[in-house]
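Visitor: For reference, the file structure_37.cif (mmCIF, N, CA and C atoms) is included below:
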data_my_file
loop_
_atom_site.label_atom_id
_atom_site.label_comp_id
_atom_site.auth_asym_id
_atom_site.auth_seq_id
_atom_site.Cartn_x
_atom_site.Cartn_y
_atom_site.Cartn_z
N MET A 24 -252.99 -84.89 8.75
CA MET A 24 -252.93 -84.51 7.35
C MET A 24 -251.70 -83.65 7.08
N LEU A 25 -251.43 -82.73 8.00
CA LEU A 25 -250.28 -81.84 7.86
C LEU A 25 -248.97 -82.62 7.96
N ARG A 26 -248.94 -83.61 8.85
CA ARG A 26 -247.75 -84.45 8.99
C ARG A 26 -247.47 -85.23 7.71
N MET A 27 -248.53 -85.74 7.11
CA MET A 27 -248.37 -86.51 5.87
C MET A 27 -247.82 -85.61 4.76
N ALA A 28 -248.35 -84.41 4.65
CA ALA A 28 -247.86 -83.47 3.63
C ALA A 28 -246.41 -83.10 3.90
N LEU A 29 -246.05 -82.95 5.16
CA LEU A 29 -244.67 -82.63 5.52
C LEU A 29 -243.73 -83.78 5.17
N VAL A 30 -244.13 -85.01 5.46
CA VAL A 30 -243.32 -86.18 5.12
C VAL A 30 -243.14 -86.30 3.61
N VAL A 31 -244.20 -86.10 2.86
CA VAL A 31 -244.11 -86.16 1.39
C VAL A 31 -243.21 -85.05 0.87
N GLY A 32 -243.34 -83.87 1.42
CA GLY A 32 -242.50 -82.75 1.00
C GLY A 32 -241.03 -83.00 1.27
N ILE A 33 -240.72 -83.53 2.46
CA ILE A 33 -239.32 -83.84 2.81
C ILE A 33 -238.78 -84.94 1.89
N ALA A 34 -239.58 -85.97 1.63
CA ALA A 34 -239.15 -87.04 0.74
C ALA A 34 -238.87 -86.50 -0.67
N PHE A 35 -239.69 -85.58 -1.10
CA PHE A 35 -239.51 -84.96 -2.41
C PHE A 35 -238.21 -84.17 -2.46
N LEU A 36 -237.91 -83.42 -1.42
CA LEU A 36 -236.67 -82.65 -1.36
C LEU A 36 -235.44 -83.55 -1.33
N ILE A 37 -235.53 -84.66 -0.59
CA ILE A 37 -234.43 -85.63 -0.56
C ILE A 37 -234.21 -86.23 -1.93
N GLN A 38 -235.29 -86.55 -2.63
CA GLN A 38 -235.21 -87.10 -3.99
C GLN A 38 -234.52 -86.11 -4.92
N ILE A 39 -234.86 -84.84 -4.83
CA ILE A 39 -234.24 -83.81 -5.67
C ILE A 39 -232.75 -83.72 -5.37
N ALA A 40 -232.39 -83.70 -4.09
CA ALA A 40 -230.98 -83.58 -3.71
C ALA A 40 -230.17 -84.77 -4.21
N LEU A 41 -230.70 -85.98 -4.03
CA LEU A 41 -229.99 -87.17 -4.49
C LEU A 41 -229.88 -87.21 -6.01
N SER A 42 -230.92 -86.77 -6.71
CA SER A 42 -230.88 -86.71 -8.17
C SER A 42 -229.80 -85.73 -8.64
N MET A 43 -229.69 -84.61 -7.97
CA MET A 43 -228.67 -83.62 -8.33
C MET A 43 -227.27 -84.18 -8.11
N LEU A 44 -227.07 -84.90 -7.01
CA LEU A 44 -225.77 -85.53 -6.75
C LEU A 44 -225.44 -86.57 -7.83
N GLN A 45 -226.45 -87.35 -8.23
CA GLN A 45 -226.23 -88.35 -9.26
C GLN A 45 -225.87 -87.69 -10.59
N MET A 46 -226.57 -86.63 -10.96
CA MET A 46 -226.26 -85.92 -12.21
C MET A 46 -224.87 -85.32 -12.16
N LYS A 47 -224.47 -84.78 -11.02
CA LYS A 47 -223.13 -84.20 -10.88
C LYS A 47 -222.07 -85.28 -11.03
N HIS A 48 -222.29 -86.43 -10.43
CA HIS A 48 -221.35 -87.55 -10.54
C HIS A 48 -221.23 -88.00 -12.00
N PHE A 49 -222.35 -88.16 -12.68
CA PHE A 49 -222.33 -88.57 -14.08
C PHE A 49 -221.60 -87.53 -14.93
N SER A 50 -221.90 -86.27 -14.70
CA SER A 50 -221.28 -85.19 -15.46
C SER A 50 -219.76 -85.17 -15.26
N ASN A 51 -219.32 -85.37 -14.04
CA ASN A 51 -217.88 -85.41 -13.75
C ASN A 51 -217.21 -86.57 -14.47
N GLU A 52 -217.84 -87.73 -14.44
CA GLU A 52 -217.27 -88.91 -15.11
C GLU A 52 -217.24 -88.71 -16.63
N PHE A 53 -218.29 -88.10 -17.18
CA PHE A 53 -218.32 -87.82 -18.61
C PHE A 53 -217.20 -86.85 -18.99
N CYS A 54 -217.03 -85.80 -18.20
CA CYS A 54 -215.99 -84.81 -18.48
C CYS A 54 -214.59 -85.42 -18.41
N LYS A 55 -214.36 -86.34 -17.46
CA LYS A 55 -213.07 -87.03 -17.38
C LYS A 55 -212.78 -87.78 -18.68
N LEU A 56 -213.79 -88.49 -19.18
CA LEU A 56 -213.62 -89.22 -20.44
C LEU A 56 -213.45 -88.25 -21.60
N ARG A 57 -214.23 -87.20 -21.62
CA ARG A 57 -214.21 -86.25 -22.73
C ARG A 57 -212.86 -85.55 -22.86
N ARG A 58 -212.19 -85.32 -21.74
CA ARG A 58 -210.86 -84.70 -21.78
C ARG A 58 -209.83 -85.61 -22.45
N GLN A 59 -210.11 -86.93 -22.47
CA GLN A 59 -209.18 -87.89 -23.07
C GLN A 59 -209.43 -88.11 -24.56
N GLY A 60 -210.61 -87.71 -25.06
CA GLY A 60 -210.90 -87.90 -26.48
C GLY A 60 -212.39 -87.95 -26.75
N LYS A 61 -212.76 -88.60 -27.86
CA LYS A 61 -214.16 -88.71 -28.27
C LYS A 61 -214.90 -89.69 -27.38
N VAL A 62 -216.15 -89.36 -27.09
CA VAL A 62 -216.98 -90.23 -26.25
C VAL A 62 -218.30 -90.49 -26.96
N ALA A 63 -218.67 -91.76 -27.05
CA ALA A 63 -219.98 -92.14 -27.59
C ALA A 63 -220.84 -92.61 -26.42
N CYS A 64 -222.07 -92.11 -26.37
CA CYS A 64 -222.98 -92.46 -25.28
C CYS A 64 -224.21 -93.17 -25.83
N GLY A 65 -224.74 -94.07 -25.04
CA GLY A 65 -226.00 -94.73 -25.36
C GLY A 65 -226.83 -94.79 -24.10
N ARG A 66 -228.15 -94.77 -24.27
CA ARG A 66 -229.00 -94.80 -23.09
C ARG A 66 -230.27 -95.60 -23.38
N LYS A 67 -230.82 -96.14 -22.31
CA LYS A 67 -232.09 -96.82 -22.38
C LYS A 67 -232.80 -96.60 -21.06
N ALA A 68 -233.93 -95.92 -21.13
CA ALA A 68 -234.72 -95.67 -19.91
C ALA A 68 -235.30 -96.97 -19.41
N GLY A 69 -235.44 -97.08 -18.11
CA GLY A 69 -235.88 -98.33 -17.54
C GLY A 69 -237.35 -98.39 -17.17
N GLY A 70 -237.95 -97.28 -16.78
CA GLY A 70 -239.32 -97.35 -16.27
C GLY A 70 -239.28 -98.07 -14.93
N PHE A 71 -239.88 -99.25 -14.88
CA PHE A 71 -239.87 -100.03 -13.64
C PHE A 71 -238.69 -100.99 -13.57
N ARG A 72 -237.93 -101.08 -14.66
CA ARG A 72 -236.73 -101.91 -14.67
C ARG A 72 -235.51 -101.00 -14.54
N ALA A 73 -234.35 -101.58 -14.39
CA ALA A 73 -233.12 -100.79 -14.27
C ALA A 73 -232.79 -100.13 -15.59
N GLY A 74 -232.69 -98.81 -15.59
CA GLY A 74 -232.27 -98.08 -16.77
C GLY A 74 -230.76 -98.17 -16.90
N ALA A 75 -230.24 -97.76 -18.07
CA ALA A 75 -228.80 -97.87 -18.29
C ALA A 75 -228.30 -96.74 -19.18
N ILE A 76 -227.11 -96.27 -18.87
CA ILE A 76 -226.38 -95.33 -19.71
C ILE A 76 -224.98 -95.89 -19.86
N VAL A 77 -224.45 -95.91 -21.09
CA VAL A 77 -223.08 -96.35 -21.32
C VAL A 77 -222.29 -95.22 -21.98
N MET A 78 -221.00 -95.18 -21.68
CA MET A 78 -220.10 -94.22 -22.30
C MET A 78 -218.87 -94.97 -22.78
N PHE A 79 -218.50 -94.74 -24.04
CA PHE A 79 -217.33 -95.38 -24.61
C PHE A 79 -216.34 -94.30 -25.03
N LEU A 80 -215.13 -94.35 -24.51
CA LEU A 80 -214.05 -93.49 -24.98
C LEU A 80 -213.47 -94.19 -26.20
N ILE A 81 -213.47 -93.49 -27.34
CA ILE A 81 -213.04 -94.12 -28.59
C ILE A 81 -211.91 -93.33 -29.24
N ASP A 82 -211.09 -94.04 -30.03
CA ASP A 82 -210.04 -93.35 -30.77
C ASP A 82 -210.57 -92.95 -32.14
N ASP A 83 -209.70 -92.43 -32.99
CA ASP A 83 -210.13 -91.93 -34.30
C ASP A 83 -210.63 -93.03 -35.22
N ASP A 84 -210.25 -94.28 -34.97
CA ASP A 84 -210.68 -95.40 -35.80
C ASP A 84 -211.96 -96.06 -35.30
N GLY A 85 -212.50 -95.57 -34.19
CA GLY A 85 -213.72 -96.15 -33.63
C GLY A 85 -213.47 -97.32 -32.70
N MET A 86 -212.22 -97.49 -32.27
CA MET A 86 -211.90 -98.57 -31.34
C MET A 86 -212.07 -98.06 -29.91
N ILE A 87 -212.66 -98.89 -29.08
CA ILE A 87 -212.97 -98.51 -27.70
C ILE A 87 -211.71 -98.58 -26.83
N LYS A 88 -211.41 -97.49 -26.15
CA LYS A 88 -210.28 -97.45 -25.22
C LYS A 88 -210.73 -97.65 -23.78
N CYS A 89 -211.95 -97.19 -23.46
CA CYS A 89 -212.47 -97.29 -22.09
C CYS A 89 -213.99 -97.34 -22.16
N ALA A 90 -214.60 -98.13 -21.31
CA ALA A 90 -216.06 -98.23 -21.28
C ALA A 90 -216.55 -98.07 -19.85
N LYS A 91 -217.62 -97.28 -19.69
CA LYS A 91 -218.23 -97.09 -18.38
C LYS A 91 -219.74 -97.20 -18.51
N LYS A 92 -220.38 -97.55 -17.39
CA LYS A 92 -221.83 -97.69 -17.38
C LYS A 92 -222.41 -97.10 -16.12
N MET A 93 -223.67 -96.72 -16.20
CA MET A 93 -224.46 -96.37 -15.02
C MET A 93 -225.77 -97.12 -15.19
N GLU A 94 -226.05 -98.00 -14.24
CA GLU A 94 -227.21 -98.88 -14.37
C GLU A 94 -227.90 -98.99 -13.02
N GLY A 95 -229.22 -98.83 -13.02
CA GLY A 95 -229.97 -98.99 -11.78
C GLY A 95 -231.34 -98.35 -11.85
N VAL A 96 -232.12 -98.57 -10.79
CA VAL A 96 -233.48 -98.04 -10.74
C VAL A 96 -233.60 -96.85 -9.81
N SER A 97 -232.56 -96.55 -9.06
CA SER A 97 -232.67 -95.47 -8.07
C SER A 97 -231.61 -94.40 -8.31
N VAL A 98 -231.71 -93.34 -7.52
CA VAL A 98 -230.74 -92.25 -7.60
C VAL A 98 -229.41 -92.64 -6.95
N LEU A 99 -229.33 -93.83 -6.42
CA LEU A 99 -228.08 -94.29 -5.81
C LEU A 99 -227.14 -94.95 -6.81
N ALA A 100 -227.58 -95.12 -8.06
CA ALA A 100 -226.73 -95.73 -9.10
C ALA A 100 -225.56 -94.80 -9.39
N ARG A 101 -224.39 -95.38 -9.60
CA ARG A 101 -223.18 -94.62 -9.87
C ARG A 101 -222.51 -95.17 -11.14
N VAL A 102 -221.62 -94.36 -11.71
CA VAL A 102 -220.87 -94.77 -12.90
C VAL A 102 -219.81 -95.77 -12.47
N ARG A 103 -219.74 -96.87 -13.20
CA ARG A 103 -218.78 -97.93 -12.92
C ARG A 103 -218.12 -98.37 -14.22
N ALA A 104 -217.00 -99.05 -14.11
CA ALA A 104 -216.30 -99.56 -15.29
C ALA A 104 -217.14 -100.67 -15.94
N LEU A 105 -217.07 -100.74 -17.25
CA LEU A 105 -217.76 -101.78 -18.02
C LEU A 105 -216.67 -102.61 -18.70
N LYS A 106 -216.44 -103.79 -18.21
CA LYS A 106 -215.33 -104.64 -18.67
C LYS A 106 -215.69 -105.38 -19.96
N GLY A 107 -214.66 -105.70 -20.73
CA GLY A 107 -214.82 -106.56 -21.90
C GLY A 107 -215.04 -105.85 -23.22
N PHE A 108 -215.00 -104.53 -23.23
CA PHE A 108 -215.23 -103.80 -24.47
C PHE A 108 -213.98 -103.11 -25.01
N GLU A 109 -212.91 -103.06 -24.23
CA GLU A 109 -211.69 -102.40 -24.67
C GLU A 109 -211.12 -103.11 -25.90
N GLY A 110 -210.71 -102.30 -26.89
CA GLY A 110 -210.11 -102.85 -28.10
C GLY A 110 -211.10 -103.29 -29.16
N ARG A 111 -212.38 -103.15 -28.91
CA ARG A 111 -213.40 -103.56 -29.89
C ARG A 111 -213.86 -102.36 -30.70
N ASP A 112 -214.36 -102.64 -31.90
CA ASP A 112 -214.89 -101.60 -32.77
C ASP A 112 -216.31 -101.27 -32.33
N ILE A 113 -216.57 -100.00 -32.08
CA ILE A 113 -217.89 -99.59 -31.57
C ILE A 113 -218.99 -99.85 -32.59
N ARG A 114 -218.64 -99.83 -33.87
CA ARG A 114 -219.65 -99.99 -34.92
C ARG A 114 -220.23 -101.41 -34.98
N THR A 115 -219.56 -102.37 -34.36
CA THR A 115 -220.00 -103.76 -34.44
C THR A 115 -220.74 -104.24 -33.20
N LEU A 116 -220.94 -103.37 -32.22
CA LEU A 116 -221.58 -103.79 -30.97
C LEU A 116 -223.07 -104.03 -31.14
N THR A 117 -223.58 -105.04 -30.46
CA THR A 117 -225.01 -105.37 -30.46
C THR A 117 -225.46 -105.69 -29.03
N CYS A 118 -226.74 -105.95 -28.89
CA CYS A 118 -227.30 -106.35 -27.58
C CYS A 118 -226.68 -107.65 -27.08
N ASP A 119 -226.27 -108.51 -28.02
CA ASP A 119 -225.75 -109.82 -27.65
C ASP A 119 -224.38 -109.75 -26.98
N ASP A 120 -223.74 -108.59 -27.00
CA ASP A 120 -222.43 -108.44 -26.37
C ASP A 120 -222.52 -108.27 -24.85
N VAL A 121 -223.72 -108.19 -24.33
CA VAL A 121 -223.97 -108.00 -22.90
C VAL A 121 -224.76 -109.21 -22.40
N PRO A 122 -224.50 -109.69 -21.18
CA PRO A 122 -225.28 -110.83 -20.66
C PRO A 122 -226.79 -110.56 -20.69
N LYS A 123 -227.56 -111.60 -20.93
CA LYS A 123 -229.02 -111.48 -21.08
C LYS A 123 -229.71 -110.88 -19.86
N ALA A 124 -229.11 -111.02 -18.69
CA ALA A 124 -229.72 -110.49 -17.47
C ALA A 124 -229.78 -108.97 -17.48
N HIS A 125 -228.95 -108.34 -18.31
CA HIS A 125 -228.90 -106.88 -18.37
C HIS A 125 -229.49 -106.39 -19.68
N LYS A 126 -230.80 -106.55 -19.84
CA LYS A 126 -231.49 -106.24 -21.09
C LYS A 126 -231.34 -104.77 -21.49
N ASN A 127 -231.60 -103.86 -20.58
CA ASN A 127 -231.50 -102.44 -20.91
C ASN A 127 -230.06 -101.98 -21.12
N LEU A 128 -229.11 -102.64 -20.47
CA LEU A 128 -227.70 -102.33 -20.69
C LEU A 128 -227.33 -102.71 -22.13
N GLY A 129 -227.82 -103.84 -22.60
CA GLY A 129 -227.57 -104.25 -23.98
C GLY A 129 -228.17 -103.27 -24.97
N LYS A 130 -229.37 -102.77 -24.67
CA LYS A 130 -230.01 -101.78 -25.56
C LYS A 130 -229.25 -100.46 -25.55
N ALA A 131 -228.68 -100.10 -24.40
CA ALA A 131 -227.89 -98.86 -24.32
C ALA A 131 -226.60 -99.00 -25.13
N VAL A 132 -225.97 -100.17 -25.08
CA VAL A 132 -224.77 -100.43 -25.88
C VAL A 132 -225.11 -100.34 -27.36
N GLU A 133 -226.22 -100.94 -27.73
CA GLU A 133 -226.65 -100.89 -29.13
C GLU A 133 -226.97 -99.45 -29.55
N ASP A 134 -227.56 -98.66 -28.66
CA ASP A 134 -227.86 -97.27 -28.95
C ASP A 134 -226.58 -96.46 -29.16
N ALA A 135 -225.55 -96.71 -28.35
CA ALA A 135 -224.28 -96.02 -28.52
C ALA A 135 -223.66 -96.35 -29.87
N SER A 136 -223.73 -97.61 -30.26
CA SER A 136 -223.19 -98.03 -31.55
C SER A 136 -223.94 -97.37 -32.70
N LEU A 137 -225.27 -97.38 -32.62
CA LEU A 137 -226.10 -96.76 -33.65
C LEU A 137 -225.86 -95.25 -33.74
N THR A 138 -225.76 -94.60 -32.60
CA THR A 138 -225.52 -93.16 -32.57
C THR A 138 -224.17 -92.84 -33.21
N PHE A 139 -223.15 -93.63 -32.91
CA PHE A 139 -221.83 -93.39 -33.50
C PHE A 139 -221.87 -93.60 -35.01
N ARG A 140 -222.55 -94.65 -35.46
CA ARG A 140 -222.65 -94.90 -36.91
C ARG A 140 -223.37 -93.75 -37.61
N LYS A 141 -224.45 -93.25 -37.00
CA LYS A 141 -225.17 -92.11 -37.58
C LYS A 141 -224.30 -90.87 -37.61
N TYR A 142 -223.55 -90.62 -36.54
CA TYR A 142 -222.69 -89.45 -36.45
C TYR A 142 -221.61 -89.50 -37.54
N THR A 143 -220.97 -90.64 -37.71
CA THR A 143 -219.91 -90.75 -38.71
C THR A 143 -220.46 -90.70 -40.13
N ALA A 144 -221.73 -91.07 -40.30
CA ALA A 144 -222.35 -90.99 -41.63
C ALA A 144 -222.88 -89.58 -41.92
N GLY A 145 -222.83 -88.69 -40.92
CA GLY A 145 -223.29 -87.33 -41.11
C GLY A 145 -224.79 -87.15 -40.95
N GLU A 146 -225.47 -88.14 -40.41
CA GLU A 146 -226.92 -88.04 -40.19
C GLU A 146 -227.21 -87.20 -38.94
N ILE A 147 -228.40 -86.65 -38.91
CA ILE A 147 -228.85 -85.92 -37.73
C ILE A 147 -229.36 -86.93 -36.71
N ILE A 148 -228.92 -86.77 -35.49
CA ILE A 148 -229.33 -87.68 -34.42
C ILE A 148 -230.52 -87.05 -33.72
N PRO A 149 -231.70 -87.68 -33.82
CA PRO A 149 -232.91 -87.07 -33.22
C PRO A 149 -232.88 -87.12 -31.70
N GLU A 150 -233.47 -86.11 -31.10
CA GLU A 150 -233.63 -86.08 -29.65
C GLU A 150 -234.74 -87.05 -29.26
N PRO A 151 -234.55 -87.81 -28.19
CA PRO A 151 -235.63 -88.69 -27.76
C PRO A 151 -236.78 -87.87 -27.20
N PRO A 152 -238.00 -88.39 -27.29
CA PRO A 152 -239.15 -87.65 -26.75
C PRO A 152 -239.08 -87.56 -25.22
N SER A 153 -239.56 -86.45 -24.70
CA SER A 153 -239.59 -86.26 -23.25
C SER A 153 -240.74 -87.10 -22.67
N PRO A 154 -240.74 -87.32 -21.37
CA PRO A 154 -241.85 -88.06 -20.76
C PRO A 154 -243.20 -87.39 -21.04
N PHE A 155 -243.23 -86.05 -21.06
CA PHE A 155 -244.47 -85.34 -21.34
C PHE A 155 -244.93 -85.62 -22.77
N GLN A 156 -243.99 -85.62 -23.73
CA GLN A 156 -244.35 -85.91 -25.13
C GLN A 156 -244.87 -87.34 -25.26
N LYS A 157 -244.25 -88.28 -24.56
CA LYS A 157 -244.71 -89.67 -24.60
C LYS A 157 -246.13 -89.79 -24.06
N ALA A 158 -246.39 -89.13 -22.93
CA ALA A 158 -247.73 -89.18 -22.33
C ALA A 158 -248.77 -88.55 -23.26
N THR A 159 -248.41 -87.43 -23.88
CA THR A 159 -249.33 -86.76 -24.80
C THR A 159 -249.67 -87.65 -25.98
N ARG A 160 -248.66 -88.32 -26.51
CA ARG A 160 -248.89 -89.22 -27.65
C ARG A 160 -249.79 -90.40 -27.27
N SER A 161 -249.54 -90.98 -26.09
CA SER A 161 -250.34 -92.14 -25.70
C SER A 161 -251.78 -91.74 -25.40
N VAL A 162 -251.98 -90.59 -24.78
CA VAL A 162 -253.35 -90.13 -24.51
C VAL A 162 -254.03 -89.75 -25.82
N GLY A 163 -253.29 -89.09 -26.71
CA GLY A 163 -253.85 -88.72 -28.01
C GLY A 163 -254.24 -89.94 -28.83
N GLY A 164 -253.47 -91.01 -28.69
CA GLY A 164 -253.78 -92.25 -29.41
C GLY A 164 -255.06 -92.91 -28.93
N LEU A 165 -255.47 -92.64 -27.71
CA LEU A 165 -256.71 -93.23 -27.19
C LEU A 165 -257.95 -92.66 -27.88
N PHE A 166 -257.85 -91.42 -28.35
CA PHE A 166 -259.01 -90.76 -28.92
C PHE A 166 -259.06 -90.81 -30.45
N GLN A 167 -258.06 -91.40 -31.08
CA GLN A 167 -258.07 -91.49 -32.53
C GLN A 167 -258.93 -92.67 -32.98
N ARG A 168 -259.59 -92.50 -34.10
CA ARG A 168 -260.41 -93.59 -34.62
C ARG A 168 -259.54 -94.60 -35.33
N LYS A 169 -259.98 -95.82 -35.29
CA LYS A 169 -259.23 -96.90 -35.95
C LYS A 169 -259.87 -97.28 -37.24
#
What does this structure look like when you write it as structure tokens?
Guide:
Amino acid sequence: MLRMALVVGIAFLIQIALSMLQMKHFSNEFCKLRRQGKVACGRKAGGFRAGAIVMFLIDDDGMIKCAKKMEGVSVLARVRALKGFEGRDIRTLTCDDVPKAHKNLGKAVEDASLTFRKYTAGEIIPEPPSPFQKATRSVGGLFQRK
């Protein structure tokens, strides 16, 4: 029993360390882009599928100068270049601009476009709910009358 708890504890610590390294890598890549100009980000959580985060370096007209993505299900995912978006207007991007095999990547691209449009229109961009808020809502929904 003690060995099992020790193994779980060590696995948990390794998970924390790898998550911290992944966040540091993402933060460094974001800062590199941010030093060059405006950056629009989009994200889509994956759950059991590969989640995705995209970053677009844009000029004052909303044209994409550089695109990067982080996509995967584990803490081993790293930021990589996202080809085919340079020179395009961020306001016109949709899910269809990404191959169908990358469903969450397409949703992240669409989220970045929507976020940029809201920002330029002066709208408030809402914070996404935390996992705890999502769980509370779903459990609360079980007890409501229909």
Visitor: Selected by the PyMOL selection byres ((chain A and resi 128-138) around 8) in the shown coordinates: which residues, as an NGL selection string?
Guide: :A and (63-68 or 73-79 or 93-94 or 112-127 or 139-144 or 148)
Visitor: Run DSSP on the backbone and give me the residues of chain A it puts in strand (DSSP E or B), as a list in words.
Guide: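 Reading the DSSP output for chain A, strand (DSSP E or B) covers Lys61, Val62, Ala63, Cys64, Gly65, Arg66, Lys67, Gly74, Ala75, Ile76, Val77, Met78, Phe79, Leu80, Ile81, Met86, Ile87, Lys88, Cys89, Ala90, Lys91, Lys92, Met93, Glu94, Gly95, Val102, Arg103, Ala104 and Asp112 of chain A.
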Visitor: What does the distance from CA of Gly110 (chain A) to CA of Ala90 (chain A) come to in Å, to one decimal?
Guide: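 Distance between the two atoms: 10.2 Å.
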Visitor: Could you spell out the hits of the PyMOL selection byres ((chain A and resi 81) around 8) on the shown file, as a PyMOL selection string?
Guide: chain A and resi 56+59-63+78-80+82-90+113
Visitor: Report the distance between atom C of Leu36 (chain A) and atom C of Ser97 (chain A) in Å, rounded to one decimal place.
Guide: 13.5 Å
Visitor: Please list, as JSON, numbers by chain, the residues that have an atom at most 6 Å away from (-221.9, -98.6, -13.5) in the coordinates of this file, counting all atoms listed in the file.
Guide: {"A": [91, 92, 93, 94, 101, 102, 103, 104]}
Visitor: Go through the shown structure with the PyMOL selection byres (((chain A and resi 43-54 and name CA) around 8) and name CA) and write out the matching residues as a list of chain:residue names.
Guide: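 Expected selection for the PyMOL selection byres (((chain A and resi 43-54 and name CA) around 8) and name CA) here is A:Ile39, A:Ala40, A:Leu41, A:Ser42, A:Lys55, A:Leu56, A:Arg57, A:Arg58, A:Met78, A:Val98, A:Leu99, A:Ala100, A:Arg101, A:Val102.
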Visitor: In Å, with one decimal, what is the gap from CA of Glu150 (chain A) to CA of Gly70 (chain A)?
Guide: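 Interatomic distance here is 18.4 Å.
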Visitor: Enumerate the residues of chain A with a DSSP assignment of alpha helix (DSSP H), computed from the backbone, and present them as a PyMOL selection string.
Guide: chain A and resi 25-59+126-144+154-165
Visitor: Since the input is missing atoms for region 114-129 of chain A, could you rebuild it with N, CA, C and O atoms and give the result as a short mmCIF file (atom, residue, chain, number, x, y, z; two decimals), in the frame of the given file?
Guide:
data_model
loop_
_atom_site.label_atom_id
_atom_site.label_comp_id
_atom_site.auth_asym_id
_atom_site.auth_seq_id
_atom_site.Cartn_x
_atom_site.Cartn_y
_atom_site.Cartn_z
N ARG A 114 -218.64 -99.83 -33.87
CA ARG A 114 -219.65 -99.99 -34.92
C ARG A 114 -220.23 -101.41 -34.98
O ARG A 114 -221.29 -101.62 -35.56
N THR A 115 -219.56 -102.37 -34.36
CA THR A 115 -220.00 -103.76 -34.44
C THR A 115 -220.74 -104.24 -33.20
O THR A 115 -221.13 -105.41 -33.13
N LEU A 116 -220.94 -103.37 -32.22
CA LEU A 116 -221.58 -103.79 -30.97
C LEU A 116 -223.07 -104.03 -31.14
O LEU A 116 -223.75 -103.30 -31.87
N THR A 117 -223.58 -105.04 -30.46
CA THR A 117 -225.01 -105.37 -30.46
C THR A 117 -225.46 -105.69 -29.03
O THR A 117 -224.64 -105.76 -28.12
N CYS A 118 -226.74 -105.95 -28.89
CA CYS A 118 -227.30 -106.35 -27.58
C CYS A 118 -226.68 -107.65 -27.08
O CYS A 118 -226.59 -107.88 -25.88
N ASP A 119 -226.27 -108.51 -28.02
CA ASP A 119 -225.75 -109.82 -27.65
C ASP A 119 -224.38 -109.75 -26.98
O ASP A 119 -223.89 -110.76 -26.47
N ASP A 120 -223.74 -108.59 -27.00
CA ASP A 120 -222.43 -108.44 -26.37
C ASP A 120 -222.52 -108.27 -24.85
O ASP A 120 -221.50 -108.21 -24.18
N VAL A 121 -223.72 -108.19 -24.33
CA VAL A 121 -223.97 -108.00 -22.90
C VAL A 121 -224.76 -109.21 -22.40
O VAL A 121 -225.62 -109.72 -23.12
N PRO A 122 -224.50 -109.69 -21.18
CA PRO A 122 -225.28 -110.83 -20.66
C PRO A 122 -226.79 -110.56 -20.69
O PRO A 122 -227.23 -109.42 -20.53
N LYS A 123 -227.56 -111.60 -20.93
CA LYS A 123 -229.02 -111.48 -21.08
C LYS A 123 -229.71 -110.88 -19.86
O LYS A 123 -230.76 -110.28 -19.98
N ALA A 124 -229.11 -111.02 -18.69
CA ALA A 124 -229.72 -110.49 -17.47
C ALA A 124 -229.78 -108.97 -17.48
O ALA A 124 -230.58 -108.38 -16.77
N HIS A 125 -228.95 -108.34 -18.31
CA HIS A 125 -228.90 -106.88 -18.37
C HIS A 125 -229.49 -106.39 -19.68
O HIS A 125 -228.80 -105.87 -20.55
N LYS A 126 -230.80 -106.55 -19.84
CA LYS A 126 -231.49 -106.24 -21.09
C LYS A 126 -231.34 -104.77 -21.49
O LYS A 126 -230.99 -104.47 -22.63
N ASN A 127 -231.60 -103.86 -20.58
CA ASN A 127 -231.50 -102.44 -20.91
C ASN A 127 -230.06 -101.98 -21.12
O ASN A 127 -229.80 -101.06 -21.89
N LEU A 128 -229.11 -102.64 -20.47
CA LEU A 128 -227.70 -102.33 -20.69
C LEU A 128 -227.33 -102.71 -22.13
O LEU A 128 -226.63 -101.96 -22.81
N GLY A 129 -227.82 -103.84 -22.60
CA GLY A 129 -227.57 -104.25 -23.98
C GLY A 129 -228.17 -103.27 -24.97
O GLY A 129 -227.55 -102.93 -25.99
#
